[in-house]
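Engineer: Have a look at the structure that comes next, please.
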Amino acid sequence: MRLKKIAALIGGCVFTVCFISMYLIMEQTESRNSGDDQGVNELESKIRLLEDELKANKKLIESLSERLSVDFEAGSPWNPKQLTLGKSDVGVLSDDTLAQPNIADNQQLVLRSYYNIDLHNWTRSVANIQHTDCNFADERTRHSDDVQIINVYDLLPFNNADGGVWKQGFDINYNANQWKERKLKVFVVPHSHNDPGWLKTYDNYFKDSTKHILDNMVHKLSEDQNRKLIWAEISYLSTWWNKITDQTKDNVKQLIKDGQLEIVTGGWVMNDEANTHYYAMIDQLIEGHQWLENNLGVKPVSGWAIDPFGHSSTMAYILRRMGMDNMLIQRVHYAVKKHFAAEKLLEFIWRQNWDQGSSTDMFCHMMPFYSYDVPHTCGPDPKICCQFDFKRLPGGKVTCPWKISPKEITSQNVAERAHTLLDQYRKKSQLYRTDVVLAPLGDDFRYEKIDEWDNQFRNYKKLMDYMNGHTELNVEIQFGTLTDYFNAVRQRTGLLTNEEDHNNHIPNNLPVISGDFFTYADRDEHYWSGYYTSRPFQKNLNRALESRLRAAELIYSISLSLAKRENKDVPVIKSYYSQLVQARRDLGLFQHHDGITGTARDTVVQDYGKRLLASLNTANSIINLAATYLLVNSDTKPLLQLDEKRASHSALPASAILTISQKSARPVVFYNSLGHDRKQLVRFVVSHPLVEVYNETGHTVPCQVAPVWFDTQSLAHTEFQVWCFVHIPALSVVRYTVKEAGPDSKVAAVPSKITYYNIEPPTETHSDVFELTKADPDSHPVLKSDSMILTFSSRGLLNSVVSKLQNIQTKVDLRFVEYGTTSGKQDKSGAYLFLPSGAAAEVRVASNQGFYTISGPLVSQATLQLDNIQHTVSLYNTVGVDATAIEISNIVDIRGKNNREIAMRINTDIENRDRMFYTDLNGFQMQRRKTMEKLPLQANYYPMPTMAFMEDSTIRLTLHSAQPLGVAALKQGQIEVMMDRRLIQDDNRGLGQGVTDNCKTPNTFWISVEKHQHDSIIADAPIGYPSLLGHLQSQYLNHPILVLHSLLDNTVNIKPAYRPLISPLPCDMFMVNLRTVDNGDNIPSNTMLLLLHRLALQCGFKTAPVDCSTTDGKVNIGSLFRHMGLESVEETSLSMMYTHQSVDLSSDVTIQPMEIASFKLTLL
């Protein structure tokens, strides 16, 4: 009876609050002009608020009833004083209760002062995950005939035995009569590998080499229809295309039509596969494929990746989903190549680890030898193969290292030369299952001069004529393209009946391989794990541009579709399209395997940096203009401006200062580029510490203010950082207002409390606003929130985490360590290689090291300044995703060190078997790793573009990263991430310099600790999956809410919000892009490409605090956007090369877990 009375009382109070709220809303709106569009928008916001409040109060009643019923059922006497209230209870109960919220020790936020607070924001939401959406990750079954690359590593001795002429392999023998029944078929494939930046900048390479290669290509291929060439880099082709005559363009088209010129892969660049994110990988391929379609009408069929330093299965997936059938890879660990060659696995079906069928199968060819140059492509003996590289004829600048030069082919020596070359082809064929040999003929920037074209084709023609003319040799040899080769393999397997019938057919009699090919070693213990971290500043800048470009693409397309729906011309927005295209291309250019890898010369890195910054500014301008159109309905000039500024391409980002006063409120706009509603803290900088912030409905939002530090004891006097708790709907732009508060304001941002450890507080302080104190000697700081408690050592380093939400406590002992490089005459670390001198040494932190903390109701931080690192740990106190992780910000500056590599190491008490952990491949999937004693330390480093996790049966710890870096788990329960490297020597891989152009570099991480609610670990599963929370944490970190300042002095002409989605996306759906398609002339077309990625979830963890649901992969494209008039929707390949099927606008489409689906949207 008592329970019923209490519930009735609470329900009555809630009803009264809702009734009064509705009355006030209607009273305000009735006084407005009914024809005023601004009033209509505000009314819409008020109604949404009322709906949310009703929803929140319903949840509150259910929550309170559940708590009361638990106490009642336990049989214990009920005492209202024992009822622990969280923030979701605030604003509904009595003033006495409001004065005692469970927020943070030392400083309580008196939320009753926020008498007008938006109550629904303080409800801790819970995601609704359907059980069927957990099945995919729980059923990690494997095909019995798969070869797992991680298991191959268990088999290999890695003893680097001398293989004779094929030093990293073995002797190869054959029977000369084995081809009597079926001839050996050889394709000599001329190619020229053109790096878009490495030793020279892109522009200089084009001017000095690439232009001449392409000019000569048209002339020399046209001389003989049997000559052929393959080309990969569309960036160069595009630049050249803009400079040639129409007649030359027609000649190129004819060469393609005749099969003499093949475009392979078709990406803007040949992208790196370790550091790249799948967004940028796909985007640069789309840019290349769309250019090819618009200019040449070409659809690439085969992938060609001869120079990326290791290979990711994500690339195979992307190419397959773009409609390609074949791919070739080269840089794989020499011991793995030897094993694959011995087992005849070099031609295989590459299947995704998560594929429970065979839909991702990709036919892959692995080149067997050391390199892609001519000495390592005709057969196992490089000193012989080099003799058939006719660019190296005597008298030229390029010679053979083995001191035996090529000879001009004459009638006197053709027989001996042909037999010698054929012997190499025959030996190479023994490594494959079909009697078809691929013999690439090229190298970096080959065929630049007419002489090389003539020397190569003239001499090979003589060799081919001799071999083909002597039938007793049982060989057919010709110039060919990559697809010529793959088609011949298919014919030999019986799959094809003719050479054109190749689409969507994968040979089924080849071995199936799953996994990736990291970490690459080309010889000895020379592991290419250094480039995972080299030039981390540029890697961070790249990730910033990725996120900003994606945000710009989305809001640009949304603005165009709205304008079209309203029949408005937006010439200014349209005029930015060419700049948007250039930003895509600049981002694409940096994905090159000598760009994002950090393995180019200093001048080239500077050129990349300038391009990245210019495109970041372009993306910012597009967001400014589009947000202005959506909220101000103006297309004349941007009236909103992003608050981030960068002084140069090598400078840290800084926040613009929002100047505030008591006279008028300043509008601030927040833009959420994710497809889900977000409740979280957002930081911005203001000119005064007394500040009030209101949301779009006029409600006060809770905020906390703190000084801005120049260094540990120096504070800024005219700028202050503010964190505010905001609620921004999916893909929305929302206007908040900020003003200077009066001294007696009851709703001003709460000042932070600042505590100094081992040092005196600064003498010049804002003591009238902030409380500054000095902690007792040897005291240990503790940061607390409703969700977590963090404990620190007396030196200011994190050492343990208590998760209240997860009900766990775990050791999280954070340290910094340094690696040196090998000494003496040994090879040393450089841009590519990581060759440490031994185990890392811990960076010493003095026992009296000074540091400081800030604490408050929303944010707590601890900041430690070391010689080379400014280290800040942040804990956020909200009901959103940001409260579930610990943020680590490290600003690293190692410019004063030489031959040092600095890492952050985290020691835990997690008992991960065999030091097993998982790292992401391109932000797309998680690959299992295992630290191996038989491999050197550097071999156990792996790429980490976005996250890594380790776990035991109880706890999972996830490290999220805002930039790609190298990561390792060298001991049980330990994970470390390399943050920067400064190396004064070359590592003998062609760069010719060290890495000494370091910048002050930001590294941002989130650390999350989750408790397994049941044993969800599948032993020896080759792949893992993040939880829903893990996915969301990564999205929040890499796609922050953007802050825009208004150039207007007031909010009169700014709408409260623009919400483009009718409803948010399902929890497990990520909007990769909404890309306005080029009409062919750098003008936006009537078509957009929508990319949706359905995430696979590992369930068995506490549900994420977000208000969303999963839908078993179902989404209705036709009713997704609020103001987008659609004529048609078609499902296509990822780059729109192929149309799969039309989509009914009124029906759902179903996207399977892990899949990225693409849809062509045609506007009315």
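The way I read the labels, and the way they are meant: chains A, B, ... in the order of the structure tokens, residue 1 as the first residue of every chain, and ligand 1 as the first ligand shown, with later ones counted on from there.
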Got a sec to tell me which of region 539-642 of chain A DSSP assigns to strand (DSSP E or B), as a list of chain:residue names?

Structural biologist: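 Everything in region 539-642 of chain A that counts as strand (DSSP E or B) is A:His592, A:Leu640, A:Gln641, A:Leu642.
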
Engineer: Residues within 10 Å of Leu1047 (chain A), please, as a count of residues only. Count only C-alpha atoms; anything in the same chain fewer than 5 positions from it doesn't count.

Structural biologist: 7

Engineer: Compare A:Ile886, A:Ile213, A:Leu184, A:Ile555 by their minimum atom-to-atom distance to Glu452 (chain A), counting only C-alpha atoms, and give me the closest one.

Structural biologist: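 Checking each candidate against Glu452 (chain A), we get A:Ile213 as the closest.
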
Engineer: Using DSSP on the backbone coordinates, identify all residues within region 383-496 of chain A classified as alpha helix (DSSP H); present the result as a VMD selection string.

Structural biologist: chain A and resid 383 to 385 414 to 429 450 to 469 482 to 493

Engineer: Give me, as a ChimeraX atom specification, all polymer residues having an atom no more than 9 Å from region 791-800 of chain A, counting only C-alpha atoms and skipping those fewer than 3 positions away in the same chain.

Structural biologist: /A:757-758,777-784,809-815,845-852,862-864,871,873,907-908

Engineer: In Å, with one decimal, what is the gap from CA of Ala741 (chain A) to CA of Phe670 (chain A)?

Structural biologist: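 Here the two named atoms are 21.0 Å from each other.
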
Engineer: What does the distance between CA of Phe517 (chain A) and CA of Met944 (chain A) come to in Å, to one decimal place?

Structural biologist: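 Distance between the two atoms: 14.0 Å.
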
Engineer: Using only C-alpha atoms for the distances, tell me which of A:Tyr236, A:Phe924, A:Phe1121, A:Trp241 is nearest to Thr314 (chain A).

Structural biologist: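 With only C-alpha atoms as the atom set, the closest residue is A:Phe924.
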